There are 2 protein chains.
Amino acid sequence: MARLAGRLAYDGTLYCGFQRQRAGLASVQVTVENALSQVTSEIISLMGAGRTDTGVHASGQVIAFDATWKHSTEELLKAINIHLPSDIALQSLMEVAASFHPRFDALSRTYLYRLYISPTRDPLRERYVWHRQLPLNLEAMQEAIQLLRGEHDFATFGKPPKGENTVRVMTTAQIEAMGDELHVTLTANAFLKRMVRSIVGTLVEVGRGKMNVAEFAAAFRLADRKKAGTSAPPHGLTLTHVVYNDYRF
Amino acid sequence: MARLAGRLAYDGTLYCGFQRQRAGLASVQVTVENALSQVTSEIISLMGAGRTDTGVHASGQVIAFDATWKHSTEELLKAINIHLPSDIALQSLMEVAASFHPRFDALSRTYLYRLYISPTRDPLRERYVWHRQLPLNLEAMQEAIQLLRGEHDFATFGKPPKGENTVRVMTTAQIEAMGDELHVTLTANAFLKRMVRSIVGTLVEVGRGKMNVAEFAAAFRLADRKKAGTSAPPHGLTLTHVVYNDYRF
C-alpha cells in the first residue's frame, strides 16, 4: 500500500463540483474513485486540495489516494486516464509520504477567473469565460483588487468551513487585460466558500460603476456577507495551482 | 427585403456540420434558419461561405440571408443571438448588395488546425485540439507543408464538389509551435472536401517519421487520393477567416 498523489484537470461543466454530493450530477471525486477502483480492483477513497463548486474547472487540482500497485506509477497513470471520461484527466502521479494530505498540507491555492468582454458571445470560449457585453473600468477594478492583498478578514466574500474563522492571507490579487479578456488571479493560503466568485462579482460592480472603490473598501472592511455584490457564475472559474513544501505536481 | 450578411461562430461538437443533412444531428444551417425565422416571422434560407464537416468549428464563417426588417441591423443582431443556442453566435451583421453570395464571392478561406502535444490529455482543450502523446518532428513538417504553397492539383488530399476540378491556389501553408500546441494554418481560394484534415493527417505521419518529406512530396505530386495519410479528426479544425473584395465581416 502506497500513498500516491498527482495533478488533476477537469472541465467542470457536467459535474456537481469536486466533492461527492447526495443526488443529481456526478461529482469529480466519485468519477475518479470509480476509475481508480476499476484499475486497482480496490475500493479507493480520494482526497482533494480544493472543493471546487458545481461547474468550476481545474487545471491544477491536486489529489491523493492509497492503493496497492505492483507496477510503475507511469503505468498506473496511463491506466487511470484510459478509465476516465474525456472531461477529466490525471496529468501527473508520484508516490508521496504516507502522511501527505493535499488539502491540509497545501500552502496556497491559485484561482483564475476569465471575463470575456465583447458585444457578442464567443461559442468557442463560452464554457470557460463569463461574457460581459459592456466594457468595464479596468483601472477602478485594479485599485479595488489590490485592497485584498495581505492578511484580512474576508467574511464579506464567503462563509468559512465549520469551526474555522474568516481570516485568510492573500498573496496575489490582480486583474489584467489579455486581449479581449480580463483575467483575475487570486492566490491565498485558503479560500472561503464561493470567495473567488463573490470577489469577482463585486469587482465587476466596481467595473460597471455600480459601486466605487471607496464603497468596495467599506464593504470589505465591514466583514459582512450582505455587503458583497452578486457572485460571478461558476463557469468562468478555474483552480490553476496548489503549492506544497515538499512536492511539485 | 434586404440581403444581410455577417460573421458566424460556432462550437461544432454537437452538429452534423454547417449544411443541412437528411437525419441525425442538427446542422448549424437549420439551427440558424430557425432562429432567424423566429425573429423575423419569415421563412429564411441561409447561405454560408464554407460547408464545415461534422464536428468542425468556426470562428469566422460568413453567412447571408434575405429578410424584411424594419429596425436597425444592431437590433436584429441582438434578437438573433437571443434565439441562438449557446454554441452558436452571430458576431456581426450588415446589409450587403442583393447579389452578394458568401460562397461564390469569397476570395479565400483560412482554416486553423490545433495539435496538442503532451503525454496526458487536457480536458479544458479537448473539444478544440487533436491530442498527440508523442513529440512530432516540427522541422520535417515545416519542410513538407511549404510544398503546398502555390497553384497545385490537390487531388491527393480531397475530392472536388461535383463538376469542379482539383486545382486550388494555396496562399498560406504554415505550421508553428505555440507553447505545447502546433498550429497548422492554411489559406486557399477554396478547399476540396476534407482537404485540411487530410493534409494535417498526412503531415502528422511526416512528424512521426512514418513518412519522410520526399515521400510526402511524391504523394502530393501523384494527385492520387489513395496516397494520403489517415485524415485528422474534425474537432481540431476551425474555419477562422473568409475574405471578400467588398466587405469585411
# chains A, B, ... in the order shown; residues from 1 in each chain; ligands from 1
>>> interface_residues(of="chain A", to="chain B", cutoff="12 Å", atoms="only C-alpha atoms", output="mmCIF file with all heavy atoms, in the first residue's frame")
data_model
loop_
_atom_site.group_PDB
_atom_site.id
_atom_site.type_symbol
_atom_site.label_atom_id
_atom_site.label_comp_id
_atom_site.auth_asym_id
_atom_site.auth_seq_id
_atom_site.Cartn_x
_atom_site.Cartn_y
_atom_site.Cartn_z
ATOM 1 N N ARG A 7 -1.578 15.672 -10.212
ATOM 2 C CA ARG A 7 -2.323 16.851 -10.684
ATOM 3 C C ARG A 7 -3.508 16.413 -11.526
ATOM 4 O O ARG A 7 -3.354 15.659 -12.485
ATOM 5 C CB ARG A 7 -1.390 17.730 -11.527
ATOM 6 C CG ARG A 7 -1.998 19.078 -11.942
ATOM 7 C CD ARG A 7 -0.995 19.934 -12.708
ATOM 8 N NE ARG A 7 -0.745 19.399 -14.042
ATOM 9 C CZ ARG A 7 0.419 18.917 -14.466
ATOM 10 N NH1 ARG A 7 1.473 18.898 -13.666
ATOM 11 N NH2 ARG A 7 0.546 18.454 -15.688
ATOM 12 N N LEU A 8 -4.696 16.921 -11.170
ATOM 13 C CA LEU A 8 -5.923 16.544 -11.858
ATOM 14 C C LEU A 8 -6.507 17.764 -12.576
ATOM 15 O O LEU A 8 -6.611 18.847 -11.998
ATOM 16 C CB LEU A 8 -6.940 16.003 -10.854
ATOM 17 C CG LEU A 8 -8.192 15.352 -11.447
ATOM 18 C CD1 LEU A 8 -7.858 13.945 -11.972
ATOM 19 C CD2 LEU A 8 -9.306 15.245 -10.394
ATOM 20 N N ALA A 9 -6.879 17.579 -13.854
ATOM 21 C CA ALA A 9 -7.525 18.654 -14.620
ATOM 22 C C ALA A 9 -8.919 18.201 -15.009
ATOM 23 O O ALA A 9 -9.125 17.030 -15.310
ATOM 24 C CB ALA A 9 -6.705 18.966 -15.872
ATOM 25 N N TYR A 10 -9.865 19.112 -14.966
ATOM 26 C CA TYR A 10 -11.224 18.759 -15.423
ATOM 27 C C TYR A 10 -11.995 19.959 -15.924
ATOM 28 O O TYR A 10 -11.787 21.082 -15.505
ATOM 29 C CB TYR A 10 -12.029 18.026 -14.341
ATOM 30 C CG TYR A 10 -11.984 18.602 -12.953
ATOM 31 C CD1 TYR A 10 -12.868 19.611 -12.550
ATOM 32 C CD2 TYR A 10 -11.068 18.117 -12.017
ATOM 33 C CE1 TYR A 10 -12.837 20.116 -11.252
ATOM 34 C CE2 TYR A 10 -11.027 18.626 -10.725
ATOM 35 C CZ TYR A 10 -11.913 19.628 -10.349
ATOM 36 O OH TYR A 10 -11.871 20.133 -9.078
ATOM 37 N N ASP A 11 -12.890 19.646 -16.868
ATOM 38 C CA ASP A 11 -13.898 20.587 -17.330
ATOM 39 C C ASP A 11 -15.098 20.343 -16.420
ATOM 40 O O ASP A 11 -15.730 19.285 -16.475
ATOM 41 C CB ASP A 11 -14.237 20.275 -18.794
ATOM 42 C CG ASP A 11 -15.328 21.183 -19.342
ATOM 43 O OD1 ASP A 11 -16.224 21.580 -18.573
ATOM 44 O OD2 ASP A 11 -15.292 21.480 -20.546
ATOM 45 N N GLY A 12 -15.418 21.303 -15.570
ATOM 46 C CA GLY A 12 -16.430 21.090 -14.544
ATOM 47 C C GLY A 12 -17.873 21.223 -15.023
ATOM 48 O O GLY A 12 -18.798 21.045 -14.216
ATOM 49 N N THR A 13 -18.064 21.513 -16.307
ATOM 50 C CA THR A 13 -19.408 21.822 -16.827
ATOM 51 C C THR A 13 -20.466 20.801 -16.407
ATOM 52 O O THR A 13 -21.568 21.172 -16.011
ATOM 53 C CB THR A 13 -19.376 21.907 -18.371
ATOM 54 O OG1 THR A 13 -18.350 22.823 -18.767
ATOM 55 C CG2 THR A 13 -20.720 22.378 -18.932
ATOM 56 N N VAL A 56 -17.319 24.594 -11.761
ATOM 57 C CA VAL A 56 -15.975 25.194 -11.713
ATOM 58 C C VAL A 56 -14.962 24.199 -12.292
ATOM 59 O O VAL A 56 -15.082 22.992 -12.084
ATOM 60 C CB VAL A 56 -15.600 25.579 -10.268
ATOM 61 C CG1 VAL A 56 -14.144 26.018 -10.159
ATOM 62 C CG2 VAL A 56 -16.543 26.666 -9.746
ATOM 63 N N HIS A 57 -13.985 24.713 -13.036
ATOM 64 C CA HIS A 57 -12.982 23.880 -13.689
ATOM 65 C C HIS A 57 -11.685 23.798 -12.866
ATOM 66 O O HIS A 57 -11.482 24.578 -11.954
ATOM 67 C CB HIS A 57 -12.645 24.454 -15.066
ATOM 68 C CG HIS A 57 -13.848 24.868 -15.839
ATOM 69 N ND1 HIS A 57 -14.745 23.946 -16.336
ATOM 70 C CD2 HIS A 57 -14.339 26.086 -16.164
ATOM 71 C CE1 HIS A 57 -15.727 24.582 -16.952
ATOM 72 N NE2 HIS A 57 -15.498 25.893 -16.861
ATOM 73 N N ALA A 58 -10.808 22.882 -13.264
ATOM 74 C CA ALA A 58 -9.486 22.811 -12.645
ATOM 75 C C ALA A 58 -8.449 22.452 -13.701
ATOM 76 O O ALA A 58 -8.685 21.587 -14.536
ATOM 77 C CB ALA A 58 -9.467 21.775 -11.524
ATOM 78 N N SER A 59 -7.312 23.157 -13.671
ATOM 79 C CA SER A 59 -6.170 22.720 -14.474
ATOM 80 C C SER A 59 -5.081 22.216 -13.548
ATOM 81 O O SER A 59 -4.136 21.577 -13.995
ATOM 82 C CB SER A 59 -5.655 23.861 -15.352
ATOM 83 O OG SER A 59 -5.269 24.964 -14.571
ATOM 84 N N GLY A 60 -5.220 22.501 -12.223
ATOM 85 C CA GLY A 60 -4.173 22.101 -11.287
ATOM 86 C C GLY A 60 -4.713 21.673 -9.929
ATOM 87 O O GLY A 60 -4.111 21.986 -8.903
ATOM 88 N N GLU A 74 4.017 5.391 -13.823
ATOM 89 C CA GLU A 74 3.718 5.756 -15.219
ATOM 90 C C GLU A 74 2.623 4.845 -15.783
ATOM 91 O O GLU A 74 1.702 5.299 -16.454
ATOM 92 C CB GLU A 74 4.964 5.627 -16.117
ATOM 93 C CG GLU A 74 6.026 6.698 -15.906
ATOM 94 C CD GLU A 74 6.819 6.493 -14.636
ATOM 95 O OE1 GLU A 74 6.882 5.347 -14.111
ATOM 96 O OE2 GLU A 74 7.379 7.487 -14.121
ATOM 97 N N LEU A 77 -0.666 5.734 -14.131
ATOM 98 C CA LEU A 77 -1.186 6.985 -14.702
ATOM 99 C C LEU A 77 -1.887 6.722 -16.034
ATOM 100 O O LEU A 77 -3.011 7.188 -16.275
ATOM 101 C CB LEU A 77 -0.012 7.965 -14.889
ATOM 102 C CG LEU A 77 -0.308 9.330 -15.509
ATOM 103 C CD1 LEU A 77 -1.260 10.123 -14.627
ATOM 104 C CD2 LEU A 77 0.983 10.130 -15.720
ATOM 105 N N LYS A 78 -1.244 5.942 -16.889
ATOM 106 C CA LYS A 78 -1.847 5.617 -18.195
ATOM 107 C C LYS A 78 -3.157 4.868 -18.034
ATOM 108 O O LYS A 78 -4.159 5.163 -18.701
ATOM 109 C CB LYS A 78 -0.880 4.739 -19.014
ATOM 110 C CG LYS A 78 0.058 5.535 -19.869
ATOM 111 C CD LYS A 78 0.669 4.644 -20.957
ATOM 112 C CE LYS A 78 1.578 5.482 -21.841
ATOM 113 N NZ LYS A 78 2.240 4.702 -22.884
ATOM 114 N N ALA A 79 -3.154 3.877 -17.146
ATOM 115 C CA ALA A 79 -4.345 3.038 -16.950
ATOM 116 C C ALA A 79 -5.508 3.865 -16.403
ATOM 117 O O ALA A 79 -6.657 3.711 -16.815
ATOM 118 C CB ALA A 79 -4.013 1.884 -16.001
ATOM 119 N N ILE A 80 -5.207 4.764 -15.460
ATOM 120 C CA ILE A 80 -6.273 5.607 -14.883
ATOM 121 C C ILE A 80 -6.891 6.474 -15.977
ATOM 122 O O ILE A 80 -8.111 6.574 -16.101
ATOM 123 C CB ILE A 80 -5.709 6.491 -13.745
ATOM 124 C CG1 ILE A 80 -5.279 5.627 -12.562
ATOM 125 C CG2 ILE A 80 -6.745 7.542 -13.306
ATOM 126 C CD1 ILE A 80 -4.417 6.362 -11.541
ATOM 127 N N ASN A 81 -6.042 7.100 -16.800
ATOM 128 C CA ASN A 81 -6.570 8.008 -17.832
ATOM 129 C C ASN A 81 -7.431 7.278 -18.863
ATOM 130 O O ASN A 81 -8.377 7.860 -19.396
ATOM 131 C CB ASN A 81 -5.435 8.786 -18.497
ATOM 132 C CG ASN A 81 -5.018 9.979 -17.651
ATOM 133 O OD1 ASN A 81 -5.868 10.701 -17.134
ATOM 134 N ND2 ASN A 81 -3.723 10.167 -17.476
ATOM 135 N N ILE A 82 -7.110 6.020 -19.108
ATOM 136 C CA ILE A 82 -7.947 5.241 -20.024
ATOM 137 C C ILE A 82 -9.353 5.064 -19.452
ATOM 138 O O ILE A 82 -10.334 5.051 -20.184
ATOM 139 C CB ILE A 82 -7.277 3.868 -20.318
ATOM 140 C CG1 ILE A 82 -6.060 4.085 -21.232
ATOM 141 C CG2 ILE A 82 -8.262 2.873 -20.936
ATOM 142 C CD1 ILE A 82 -5.154 2.880 -21.375
ATOM 143 N N LEU A 84 -10.852 7.203 -17.322
ATOM 144 C CA LEU A 84 -11.521 8.482 -17.017
ATOM 145 C C LEU A 84 -12.265 8.992 -18.260
ATOM 146 O O LEU A 84 -11.824 8.770 -19.378
ATOM 147 C CB LEU A 84 -10.495 9.530 -16.577
ATOM 148 C CG LEU A 84 -9.929 9.373 -15.163
ATOM 149 C CD1 LEU A 84 -8.779 10.354 -14.930
ATOM 150 C CD2 LEU A 84 -11.021 9.581 -14.111
ATOM 151 N N PRO A 85 -13.373 9.711 -18.052
ATOM 152 C CA PRO A 85 -14.057 10.316 -19.207
ATOM 153 C C PRO A 85 -13.208 11.442 -19.796
ATOM 154 O O PRO A 85 -12.250 11.898 -19.168
ATOM 155 C CB PRO A 85 -15.351 10.857 -18.599
ATOM 156 C CG PRO A 85 -15.053 11.055 -17.153
ATOM 157 C CD PRO A 85 -14.036 10.007 -16.777
ATOM 158 N N SER A 86 -13.573 11.901 -21.000
ATOM 159 C CA SER A 86 -12.721 12.866 -21.703
ATOM 160 C C SER A 86 -12.674 14.226 -21.016
ATOM 161 O O SER A 86 -11.788 15.026 -21.302
ATOM 162 C CB SER A 86 -13.195 13.035 -23.152
ATOM 163 O OG SER A 86 -14.463 13.659 -23.165
ATOM 164 N N ASP A 87 -13.590 14.504 -20.096
ATOM 165 C CA ASP A 87 -13.549 15.807 -19.420
ATOM 166 C C ASP A 87 -12.792 15.787 -18.103
ATOM 167 O O ASP A 87 -12.806 16.772 -17.360
ATOM 168 C CB ASP A 87 -14.961 16.400 -19.271
ATOM 169 C CG ASP A 87 -15.950 15.472 -18.608
ATOM 170 O OD1 ASP A 87 -15.539 14.385 -18.152
ATOM 171 O OD2 ASP A 87 -17.139 15.840 -18.534
ATOM 172 N N ILE A 88 -12.120 14.685 -17.795
ATOM 173 C CA ILE A 88 -11.243 14.602 -16.611
ATOM 174 C C ILE A 88 -9.949 13.925 -17.030
ATOM 175 O O ILE A 88 -9.976 12.920 -17.745
ATOM 176 C CB ILE A 88 -11.877 13.774 -15.463
ATOM 177 C CG1 ILE A 88 -13.245 14.340 -15.059
ATOM 178 C CG2 ILE A 88 -10.942 13.714 -14.264
ATOM 179 C CD1 ILE A 88 -13.905 13.584 -13.907
ATOM 180 N N ALA A 89 -8.796 14.455 -16.597
ATOM 181 C CA ALA A 89 -7.512 13.801 -16.864
ATOM 182 C C ALA A 89 -6.579 13.945 -15.667
ATOM 183 O O ALA A 89 -6.487 15.011 -15.069
ATOM 184 C CB ALA A 89 -6.843 14.387 -18.112
ATOM 185 N N LEU A 90 -5.914 12.858 -15.334
ATOM 186 C CA LEU A 90 -4.855 12.899 -14.330
ATOM 187 C C LEU A 90 -3.566 13.190 -15.105
ATOM 188 O O LEU A 90 -3.212 12.456 -16.018
ATOM 189 C CB LEU A 90 -4.772 11.560 -13.587
ATOM 190 C CG LEU A 90 -3.848 11.515 -12.377
ATOM 191 C CD1 LEU A 90 -4.261 12.526 -11.308
ATOM 192 C CD2 LEU A 90 -3.828 10.112 -11.763
ATOM 193 N N GLN A 91 -2.902 14.291 -14.765
ATOM 194 C CA GLN A 91 -1.773 14.733 -15.606
ATOM 195 C C GLN A 91 -0.407 14.395 -15.031
ATOM 196 O O GLN A 91 0.607 14.521 -15.721
ATOM 197 C CB GLN A 91 -1.902 16.234 -15.884
ATOM 198 C CG GLN A 91 -3.196 16.527 -16.669
ATOM 199 C CD GLN A 91 -3.317 17.941 -17.125
ATOM 200 O OE1 GLN A 91 -2.957 18.855 -16.400
ATOM 201 N NE2 GLN A 91 -3.831 18.148 -18.329
ATOM 202 N N SER A 92 -0.355 14.007 -13.751
ATOM 203 C CA SER A 92 0.913 13.538 -13.181
ATOM 204 C C SER A 92 0.588 12.635 -12.004
ATOM 205 O O SER A 92 -0.530 12.677 -11.478
ATOM 206 C CB SER A 92 1.772 14.724 -12.721
ATOM 207 O OG SER A 92 1.211 15.329 -11.568
ATOM 208 N N LEU A 93 1.548 11.813 -11.606
ATOM 209 C CA LEU A 93 1.327 10.894 -10.485
ATOM 210 C C LEU A 93 2.671 10.522 -9.890
ATOM 211 O O LEU A 93 3.603 10.200 -10.631
ATOM 212 C CB LEU A 93 0.588 9.634 -10.979
ATOM 213 C CG LEU A 93 0.064 8.685 -9.907
ATOM 214 C CD1 LEU A 93 -1.013 9.358 -9.049
ATOM 215 C CD2 LEU A 93 -0.510 7.422 -10.553
ATOM 216 N N SER A 118 -17.177 41.599 -24.773
ATOM 217 C CA SER A 118 -17.476 41.741 -26.197
ATOM 218 C C SER A 118 -18.980 41.939 -26.376
ATOM 219 O O SER A 118 -19.770 41.394 -25.610
ATOM 220 C CB SER A 118 -17.043 40.455 -26.919
ATOM 221 O OG SER A 118 -17.560 40.436 -28.235
ATOM 222 N N PRO A 119 -19.377 42.704 -27.396
ATOM 223 C CA PRO A 119 -20.814 42.872 -27.629
ATOM 224 C C PRO A 119 -21.522 41.547 -27.910
ATOM 225 O O PRO A 119 -22.703 41.399 -27.614
ATOM 226 C CB PRO A 119 -20.875 43.779 -28.866
ATOM 227 C CG PRO A 119 -19.533 44.401 -28.983
ATOM 228 C CD PRO A 119 -18.553 43.479 -28.337
ATOM 229 N N THR A 120 -20.794 40.564 -28.509
ATOM 230 C CA THR A 120 -21.438 39.283 -28.842
ATOM 231 C C THR A 120 -20.720 38.116 -28.156
ATOM 232 O O THR A 120 -19.560 38.220 -27.795
ATOM 233 C CB THR A 120 -21.429 39.033 -30.367
ATOM 234 O OG1 THR A 120 -20.087 39.160 -30.849
ATOM 235 C CG2 THR A 120 -22.336 40.021 -31.087
ATOM 236 N N ARG A 121 -21.430 37.010 -28.023
ATOM 237 C CA ARG A 121 -20.883 35.806 -27.397
ATOM 238 C C ARG A 121 -19.788 35.179 -28.262
ATOM 239 O O ARG A 121 -19.749 35.389 -29.459
ATOM 240 C CB ARG A 121 -21.997 34.758 -27.231
ATOM 241 C CG ARG A 121 -23.040 35.118 -26.203
ATOM 242 C CD ARG A 121 -24.067 34.006 -26.043
ATOM 243 N NE ARG A 121 -24.974 33.913 -27.172
ATOM 244 C CZ ARG A 121 -24.956 32.945 -28.070
ATOM 245 N NH1 ARG A 121 -24.074 31.959 -27.982
ATOM 246 N NH2 ARG A 121 -25.813 32.932 -29.075
ATOM 247 N N ASP A 122 -18.923 34.355 -27.642
ATOM 248 C CA ASP A 122 -17.977 33.531 -28.394
ATOM 249 C C ASP A 122 -18.203 32.069 -28.017
ATOM 250 O O ASP A 122 -17.787 31.624 -26.955
ATOM 251 C CB ASP A 122 -16.528 33.920 -28.090
ATOM 252 C CG ASP A 122 -15.548 33.067 -28.890
ATOM 253 O OD1 ASP A 122 -15.996 32.123 -29.586
ATOM 254 O OD2 ASP A 122 -14.343 33.320 -28.818
ATOM 255 N N PRO A 123 -18.860 31.309 -28.899
ATOM 256 C CA PRO A 123 -19.197 29.915 -28.562
ATOM 257 C C PRO A 123 -17.973 29.047 -28.263
ATOM 258 O O PRO A 123 -18.089 28.070 -27.545
ATOM 259 C CB PRO A 123 -19.888 29.401 -29.828
ATOM 260 C CG PRO A 123 -20.355 30.605 -30.545
ATOM 261 C CD PRO A 123 -19.371 31.689 -30.227
ATOM 262 N N LEU A 124 -16.800 29.426 -28.794
ATOM 263 C CA LEU A 124 -15.612 28.602 -28.583
ATOM 264 C C LEU A 124 -14.967 28.856 -27.215
ATOM 265 O O LEU A 124 -14.051 28.154 -26.821
ATOM 266 C CB LEU A 124 -14.594 28.811 -29.711
ATOM 267 C CG LEU A 124 -15.119 28.436 -31.110
ATOM 268 C CD1 LEU A 124 -14.083 28.732 -32.179
ATOM 269 C CD2 LEU A 124 -15.504 26.964 -31.160
ATOM 270 N N ARG A 125 -15.440 29.883 -26.502
ATOM 271 C CA ARG A 125 -14.917 30.137 -25.148
ATOM 272 C C ARG A 125 -16.004 30.056 -24.090
ATOM 273 O O ARG A 125 -15.730 30.130 -22.897
ATOM 274 C CB ARG A 125 -14.290 31.542 -25.088
ATOM 275 C CG ARG A 125 -12.918 31.579 -25.690
ATOM 276 C CD ARG A 125 -12.311 32.951 -25.526
ATOM 277 N NE ARG A 125 -12.647 33.792 -26.658
ATOM 278 C CZ ARG A 125 -12.169 35.024 -26.837
ATOM 279 N NH1 ARG A 125 -11.364 35.558 -25.934
ATOM 280 N NH2 ARG A 125 -12.502 35.725 -27.898
ATOM 281 N N GLU A 126 -17.263 29.943 -24.575
ATOM 282 C CA GLU A 126 -18.468 30.008 -23.728
ATOM 283 C C GLU A 126 -18.374 29.209 -22.422
ATOM 284 O O GLU A 126 -18.846 29.654 -21.382
ATOM 285 C CB GLU A 126 -19.633 29.468 -24.572
ATOM 286 C CG GLU A 126 -20.987 29.621 -23.970
ATOM 287 C CD GLU A 126 -21.670 30.932 -24.357
ATOM 288 O OE1 GLU A 126 -21.115 31.686 -25.175
ATOM 289 O OE2 GLU A 126 -22.750 31.188 -23.821
ATOM 290 N N ARG A 127 -17.759 28.022 -22.465
ATOM 291 C CA ARG A 127 -17.718 27.153 -21.287
ATOM 292 C C ARG A 127 -16.750 27.652 -20.222
ATOM 293 O O ARG A 127 -16.790 27.174 -19.094
ATOM 294 C CB ARG A 127 -17.263 25.744 -21.692
ATOM 295 C CG ARG A 127 -18.260 25.000 -22.544
ATOM 296 C CD ARG A 127 -17.582 23.828 -23.233
ATOM 297 N NE ARG A 127 -17.475 22.636 -22.412
ATOM 298 C CZ ARG A 127 -18.356 21.646 -22.426
ATOM 299 N NH1 ARG A 127 -19.419 21.711 -23.168
ATOM 300 N NH2 ARG A 127 -18.171 20.578 -21.666
ATOM 301 N N TYR A 128 -15.834 28.563 -20.602
ATOM 302 C CA TYR A 128 -14.715 28.885 -19.707
ATOM 303 C C TYR A 128 -14.598 30.353 -19.327
ATOM 304 O O TYR A 128 -13.655 30.744 -18.646
ATOM 305 C CB TYR A 128 -13.392 28.419 -20.354
ATOM 306 C CG TYR A 128 -13.477 26.981 -20.796
ATOM 307 C CD1 TYR A 128 -13.433 26.622 -22.136
ATOM 308 C CD2 TYR A 128 -13.646 25.972 -19.847
ATOM 309 C CE1 TYR A 128 -13.540 25.289 -22.531
ATOM 310 C CE2 TYR A 128 -13.754 24.645 -20.236
ATOM 311 C CZ TYR A 128 -13.710 24.308 -21.574
ATOM 312 O OH TYR A 128 -13.830 23.002 -21.951
ATOM 313 N N VAL A 129 -15.510 31.177 -19.816
ATOM 314 C CA VAL A 129 -15.436 32.618 -19.527
ATOM 315 C C VAL A 129 -16.818 33.134 -19.125
ATOM 316 O O VAL A 129 -17.845 32.558 -19.491
ATOM 317 C CB VAL A 129 -14.967 33.428 -20.764
ATOM 318 C CG1 VAL A 129 -13.550 33.036 -21.176
ATOM 319 C CG2 VAL A 129 -15.927 33.261 -21.951
ATOM 320 N N HIS A 131 -19.133 36.010 -19.976
ATOM 321 C CA HIS A 131 -19.279 37.008 -21.028
ATOM 322 C C HIS A 131 -20.007 38.243 -20.502
ATOM 323 O O HIS A 131 -21.106 38.145 -19.981
ATOM 324 C CB HIS A 131 -20.059 36.389 -22.196
ATOM 325 C CG HIS A 131 -20.413 37.363 -23.270
ATOM 326 N ND1 HIS A 131 -21.607 37.371 -23.932
ATOM 327 C CD2 HIS A 131 -19.696 38.411 -23.785
ATOM 328 C CE1 HIS A 131 -21.618 38.363 -24.803
ATOM 329 N NE2 HIS A 131 -20.480 38.997 -24.732
ATOM 330 N N GLN A 133 -21.137 42.109 -21.915
ATOM 331 C CA GLN A 133 -21.251 42.832 -23.187
ATOM 332 C C GLN A 133 -20.601 44.207 -23.168
ATOM 333 O O GLN A 133 -20.091 44.667 -24.181
ATOM 334 C CB GLN A 133 -22.728 42.966 -23.562
ATOM 335 C CG GLN A 133 -23.355 41.611 -23.898
ATOM 336 C CD GLN A 133 -24.696 41.755 -24.581
ATOM 337 O OE1 GLN A 133 -25.614 42.327 -24.015
ATOM 338 N NE2 GLN A 133 -24.799 41.249 -25.795
ATOM 339 N N HIS A 235 -18.769 29.076 -14.235
ATOM 340 C CA HIS A 235 -18.036 28.540 -15.391
ATOM 341 C C HIS A 235 -16.839 29.375 -15.815
ATOM 342 O O HIS A 235 -16.013 28.907 -16.588
ATOM 343 C CB HIS A 235 -18.985 28.307 -16.570
ATOM 344 C CG HIS A 235 -19.600 29.562 -17.090
ATOM 345 N ND1 HIS A 235 -20.724 30.127 -16.537
ATOM 346 C CD2 HIS A 235 -19.226 30.393 -18.082
ATOM 347 C CE1 HIS A 235 -21.019 31.239 -17.190
ATOM 348 N NE2 HIS A 235 -20.127 31.415 -18.134
ATOM 349 N N LEU A 237 -14.508 30.195 -13.758
ATOM 350 C CA LEU A 237 -13.501 29.958 -12.710
ATOM 351 C C LEU A 237 -12.732 28.654 -12.894
ATOM 352 O O LEU A 237 -13.320 27.609 -13.168
ATOM 353 C CB LEU A 237 -14.218 29.946 -11.350
ATOM 354 C CG LEU A 237 -13.350 29.780 -10.103
ATOM 355 C CD1 LEU A 237 -12.294 30.876 -9.979
ATOM 356 C CD2 LEU A 237 -14.230 29.757 -8.851
ATOM 357 N N THR A 238 -11.407 28.729 -12.721
ATOM 358 C CA THR A 238 -10.538 27.539 -12.806
ATOM 359 C C THR A 238 -9.531 27.537 -11.653
ATOM 360 O O THR A 238 -8.866 28.543 -11.418
ATOM 361 C CB THR A 238 -9.770 27.522 -14.149
ATOM 362 O OG1 THR A 238 -10.705 27.575 -15.228
ATOM 363 C CG2 THR A 238 -8.932 26.267 -14.296
ATOM 364 N N LEU A 239 -9.434 26.423 -10.946
ATOM 365 C CA LEU A 239 -8.386 26.216 -9.935
ATOM 366 C C LEU A 239 -7.117 25.846 -10.693
ATOM 367 O O LEU A 239 -7.074 24.801 -11.347
ATOM 368 C CB LEU A 239 -8.801 25.087 -8.983
ATOM 369 C CG LEU A 239 -7.750 24.569 -8.003
ATOM 370 C CD1 LEU A 239 -7.214 25.677 -7.085
ATOM 371 C CD2 LEU A 239 -8.329 23.422 -7.153
ATOM 372 N N THR A 240 -6.096 26.724 -10.639
ATOM 373 C CA THR A 240 -4.934 26.507 -11.512
ATOM 374 C C THR A 240 -3.699 25.919 -10.807
ATOM 375 O O THR A 240 -2.937 25.184 -11.432
ATOM 376 C CB THR A 240 -4.508 27.810 -12.226
ATOM 377 O OG1 THR A 240 -4.183 28.784 -11.229
ATOM 378 C CG2 THR A 240 -5.620 28.344 -13.120
#
>>> residues_around(residues="Met195 in chain A", least_positions_apart="4", cutoff="10 Å", atoms="only C-alpha atoms", output="list of chain:residue names")
A:Phe154, A:Ala155, A:Thr156, A:Phe157, A:Gly158, A:Lys159, A:Pro160, A:Ala190, A:Phe191, A:Ile199, A:Val200, A:Gly201, A:Ser231
>>> closest_residue(among="B:Gly163, B:Gly207, B:Gly179, B:Gly48", to="Phe100 in chain B", atoms="only C-alpha atoms")
B:Gly48
>>> atom_distance(atom1="CA of Ile117 in chain A", atom2="CA of His183 in chain A")
10.9 Å
>>> select_by_dssp(residues="range 18-239 of chain A", states="alpha helix (DSSP H)", output="PyMOL selection string")
chain A and resi 28-40+73-83+138-145+195-207+213-222
>>> atom_distance(atom1="CA of Phe104 in chain A", atom2="CA of Leu222 in chain A")
28.8 Å
>>> residues_around(residues="Val39 in chain A", least_positions_apart="3", cutoff="9 Å", atoms="only C-alpha atoms", output="ChimeraX atom specification")
/A:34-36,42,76,79-80,83
>>> closest_residue(among="A:Ala173, A:Ala26, A:Ala106, A:Val167", to="Asn245 in chain A", atoms="only C-alpha atoms")
A:Ala106
>>> atom_distance(atom1="CA of Val169 in chain A", atom2="CA of Thr110 in chain A")
12.2 Å
>>> select_by_dssp(residues="range 105-141 of chain B", states="strand (DSSP E or B)", output="PyMOL selection string")
chain B and resi 108-117+130-132
>>> residues_around(residues="Cys16 in chain B", least_positions_apart="3", cutoff="12 Å", atoms="only C-alpha atoms", output="list in words")
Asp11, Gly12, Thr13, Gln19, Arg20, Gln21, Arg22, Ala23, Gly24, Leu25, Ala26, Ser27, Val28, Gln29, Val30, Thr31, Arg51, Thr52, Asp53, Thr54, Gly55, Val56, His57, Pro234 and His235 of chain B
